[in-house]
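Visitor: Dumping the structure here so I can ask a few things about it.
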Amino acid sequence: MATLRDKRIIVVGGSSGIGFGVAVAALEGGADVVIAGRSADRLKAAVTKLAGAGRVRSIAADMANEADVARLFDEAGAFDHLVATAGTPPPNYPIGEADMDFVRQFVDGKLVGAVMLAKHAIRTLKKGGSMTFTSGINKDRPPVPGGSVVSAIAGSFTYFARALALELAPTRVNIVSPGWVDTEMWDEIVGEAKTGYFDQMAARLPAGRVATPADIAPAYLYLMQSEFMTGETIHVDGGQRLV
Ligand SMILES: NC(=O)c1ccc[n+]([C@@H]2O[C@H](COP(=O)([O-])OP(=O)(O)OC[C@H]3O[C@@H](n4cnc5c(N)ncnc54)[C@H](OP(=O)(O)O)[C@@H]3O)[C@@H](O)[C@H]2O)c1
């Protein structure tokens with residue numbers, strides 16, 4: 001396994017949730033980390049929390065905006081690994097009530113954004129580097145009703161990575177697919193009902209609890225470090241696909 005010591009890692013979505021967990025773990029591994037997200041305030045707060053852990057800085061950028069994505073890689077400079085965890089709560093209305101503006105916004109932020117990240121990352125990604133994107137359990141266990149869009153988008157990442165891994169070889173391209181993870185996103189989706197949701201889910205899960213970002217981060221680290229992993233999707237879901 002290659003070391004992350006002194007490697008530069010860009011984490012798009014690193015100001016919160018799963019991405020913040022990856023930033024913590026990468027810093028512990030000796031990496032130099034750049035976190036990106038849209039909100040400068042959230043980034044500033046995250047850098048303050050991470051500062052004691054190592055070399056970290058932030059760049060504000062919206063991955064749905066190509067000029068922002070191009071500037072992100074210009075400002076970050078040459079780097080070794082890209083991790084993208086950025087995402088927003090998905091559309092959850094039955095198909096007959098789909099709000100097409102919201103659907104397009106979601107697809108732009110998640111899938112089109114990933115395409116733009118890959119397009120611009122290759123300009124400055126060093127030889128031997130990798131890209132890791134994030135899908136999720138919704139492709140395997142779609143919420144019913146209302147899960148069709150998020151399921152389609154999450155599912156597409158596996159095939160995005162397979163094709164890109166061939167096109168960009170020897171650069172490696174992989175996917176992490178988390179189950180439910182206790183992050184700020186859930187506060188936005190269900191608010192105070194989160195505890196009840198998580199208690200019910202924990203009772204069903206073989207792992208007996210909902211994940212924390214620290215449970216998911218090692219999968220990203222493994223995919224960055226393992227020089228023989230490419231075109232792969234790793235599921236870290238506490239057994240959720242089994243129940
Ligand atoms: N949490 C779960 O249970 C779970 C399970 C499976 C899959 N996932 C997926 O994992 C990803 C991360 O989820 P999370 O729970 O970690 O969410 P989170 O805590 O809300 O964090 C999302 C991060 O993405 C950034 N972001 C959102 N839109 C962006 C954009 N257009 N450009 C740049 N940065 C953007 C946010 O910062 P700003 O808002 O400041 O931009 C924040 O840093 C999502 O795609 C989600 O669907 C989550």
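Following the order of the structure tokens, chains are lettered A, B, ..., residues in each are numbered from 1, and ligands are numbered from 1.
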Could you give me the residues within 6 Å of ligand 1, counting only C-alpha atoms and all ligand atoms, as a PyMOL selection string?
Guide: chain A and resi 12-19+37-39+42+61-64+85-88+109+134-137+178-185
Visitor: Give me the residues near A:Lys119 as a list in words, where near means some atom within 10 Å (using only C-alpha atoms) and where sequence neighbours in that chain fewer than 3 positions away do not count.
Guide: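 In the requested format, the answer is Glu66, Val69, Ala70, Gly113, Ala114, Val115, Met116, Ile122 and Arg123 of chain A.
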Visitor: Using the chain letters and numbers from this document, which residues of stretch 144-237 of chain A does DSSP assign to alpha helix (DSSP H), as a ChimeraX atom specification?
Guide: /A:148-168,184-190,194-204,213-225
Visitor: Could the residues in this selection be saved with C-alpha atoms as an mmCIF file, in the first residue's frame?
Guide:
```cif
data_model
loop_
_atom_site.group_PDB
_atom_site.id
_atom_site.type_symbol
_atom_site.label_atom_id
_atom_site.label_comp_id
_atom_site.auth_asym_id
_atom_site.auth_seq_id
_atom_site.Cartn_x
_atom_site.Cartn_y
_atom_site.Cartn_z
ATOM 1 C CA SER A 148 -36.117 6.948 -8.613
ATOM 2 C CA VAL A 149 -33.932 9.990 -9.337
ATOM 3 C CA VAL A 150 -31.471 9.466 -6.499
ATOM 4 C CA SER A 151 -31.314 5.739 -7.291
ATOM 5 C CA ALA A 152 -30.539 6.421 -10.963
ATOM 6 C CA ILE A 153 -27.866 8.979 -10.176
ATOM 7 C CA ALA A 154 -26.210 6.933 -7.427
ATOM 8 C CA GLY A 155 -26.287 3.837 -9.643
ATOM 9 C CA SER A 156 -24.645 5.670 -12.528
ATOM 10 C CA PHE A 157 -21.447 6.263 -10.548
ATOM 11 C CA THR A 158 -20.373 2.637 -10.736
ATOM 12 C CA TYR A 159 -20.396 2.792 -14.532
ATOM 13 C CA PHE A 160 -18.868 6.264 -14.615
ATOM 14 C CA ALA A 161 -15.893 4.909 -12.653
ATOM 15 C CA ARG A 162 -15.540 1.761 -14.774
ATOM 16 C CA ALA A 163 -15.374 3.742 -18.024
ATOM 17 C CA LEU A 164 -13.185 6.498 -16.629
ATOM 18 C CA ALA A 165 -10.770 3.984 -15.075
ATOM 19 C CA LEU A 166 -10.129 2.646 -18.585
ATOM 20 C CA GLU A 167 -9.932 6.047 -20.232
ATOM 21 C CA LEU A 168 -7.607 7.594 -17.654
ATOM 22 C CA GLU A 184 -25.409 17.126 8.863
ATOM 23 C CA MET A 185 -27.318 16.110 5.716
ATOM 24 C CA TRP A 186 -29.780 14.140 7.834
ATOM 25 C CA ASP A 187 -30.365 17.159 10.089
ATOM 26 C CA GLU A 188 -31.439 18.961 6.928
ATOM 27 C CA ILE A 189 -33.619 16.092 5.652
ATOM 28 C CA VAL A 190 -35.454 15.006 8.803
ATOM 29 C CA LYS A 194 -33.267 11.871 12.979
ATOM 30 C CA THR A 195 -32.832 10.032 16.280
ATOM 31 C CA GLY A 196 -36.019 8.026 15.771
ATOM 32 C CA TYR A 197 -35.079 7.180 12.165
ATOM 33 C CA PHE A 198 -31.618 6.074 13.207
ATOM 34 C CA ASP A 199 -32.892 3.967 16.126
ATOM 35 C CA GLN A 200 -35.230 2.101 13.747
ATOM 36 C CA MET A 201 -32.483 1.614 11.191
ATOM 37 C CA ALA A 202 -29.956 0.476 13.808
ATOM 38 C CA ALA A 203 -32.383 -2.241 14.944
ATOM 39 C CA ARG A 204 -32.554 -3.571 11.351
ATOM 40 C CA PRO A 213 -18.134 9.448 9.030
ATOM 41 C CA ALA A 214 -15.181 7.751 10.760
ATOM 42 C CA ASP A 215 -16.647 4.352 9.753
ATOM 43 C CA ILE A 216 -16.674 5.332 6.075
ATOM 44 C CA ALA A 217 -13.396 7.275 5.760
ATOM 45 C CA PRO A 218 -11.119 4.178 5.748
ATOM 46 C CA ALA A 219 -12.697 3.034 2.455
ATOM 47 C CA TYR A 220 -11.580 6.271 0.773
ATOM 48 C CA LEU A 221 -8.121 5.935 2.286
ATOM 49 C CA TYR A 222 -7.860 2.345 1.076
ATOM 50 C CA LEU A 223 -8.863 3.313 -2.466
ATOM 51 C CA MET A 224 -6.289 6.119 -2.527
ATOM 52 C CA GLN A 225 -3.536 3.881 -1.184
#
```
Visitor: When you count only C-alpha atoms, which of these residues is closest to A:Thr171: A:Gly128, A:Pro206, A:Pro143, A:Ala211?
Guide: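 For A:Thr171, the nearest of the given residues is A:Gly128.
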Visitor: When distances are computed from only C-alpha atoms, which of A:Gly29, A:Gly239, A:Pro91, A:Gly129 shows the smallest separation from A:Gly54?
Guide: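 Counting only C-alpha atoms, the residue closest to A:Gly54 is A:Gly29.
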Visitor: Rounded to one decimal, what separation in Å do you get between atom CA of A:Phe106 and atom CA of A:His120?
Guide: 20.4 Å
Visitor: Would you mind telling me which residue in A:Ser58, A:Asn174, A:Gln105, A:Thr48 lies nearest to A:His81 when using only C-alpha atoms?
Guide: A:Asn174
Visitor: Which of stretch 69-213 of chain A end up as strand (DSSP E) when DSSP is run on this backbone - answer as a list in words?
Guide: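 Matching residues for strand (DSSP E) in stretch 69-213 of chain A are Phe79, Asp80, His81, Leu82, Val83, Ala84, Leu125, Lys126, Lys127, Gly128, Gly129, Ser130, Met131, Thr132, Phe133, Thr134, Arg172, Val173, Asn174, Ile175, Val176, Ser177 and Pro178 of chain A.
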Visitor: Fewer than 5 positions away in the same chain doesn't count, so skip those; otherwise give me all residues within 10 Å of A:Val144, counting only C-alpha atoms, as a compact mmCIF listing (two decimals) with all heavy atoms, in the first residue's frame.
Guide:
```txt
# COMPACT_ATOMS: atom_id res chain seq x y z
N ASN A 92 -37.33 13.80 -3.41
CA ASN A 92 -37.97 12.64 -2.78
C ASN A 92 -39.47 12.61 -3.02
O ASN A 92 -40.21 12.05 -2.22
CB ASN A 92 -37.65 12.61 -1.29
CG ASN A 92 -38.16 13.83 -0.55
OD1 ASN A 92 -38.70 14.75 -1.19
ND2 ASN A 92 -38.00 13.88 0.75
N TYR A 93 -39.92 13.24 -4.11
CA TYR A 93 -41.34 13.25 -4.41
C TYR A 93 -41.69 12.11 -5.36
O TYR A 93 -40.87 11.71 -6.19
CB TYR A 93 -41.74 14.58 -5.07
CG TYR A 93 -41.50 15.76 -4.17
CD1 TYR A 93 -40.46 16.64 -4.42
CD2 TYR A 93 -42.31 15.95 -3.04
CE1 TYR A 93 -40.23 17.71 -3.57
CE2 TYR A 93 -42.07 17.03 -2.20
CZ TYR A 93 -41.03 17.90 -2.46
OH TYR A 93 -40.80 18.94 -1.61
N PRO A 94 -42.92 11.58 -5.26
CA PRO A 94 -43.36 10.58 -6.24
C PRO A 94 -43.19 11.14 -7.65
O PRO A 94 -43.27 12.36 -7.85
CB PRO A 94 -44.84 10.39 -5.91
CG PRO A 94 -44.99 10.86 -4.51
CD PRO A 94 -43.96 11.91 -4.28
```
Visitor: With a distance cut-off of 10 Å and only C-alpha atoms, select the neighbouring residues of A:Leu205, excluding the residue or stretch itself and same-chain residues fewer than 6 positions from it, and output the selection as a PyMOL selection string.
Guide: chain A and resi 179+237-243
Visitor: Just checking: using only C-alpha atoms, which residue out of A:Gly146, A:Phe133, A:Gly208, A:Glu192 ends up closest to A:Thr230?
Guide: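 Closest candidate: A:Phe133.
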Visitor: Nearest residue to A:Val34 out of A:Ala76, A:Ala60, A:Val236, A:Leu4, using only C-alpha atoms?
Guide: A:Ala76
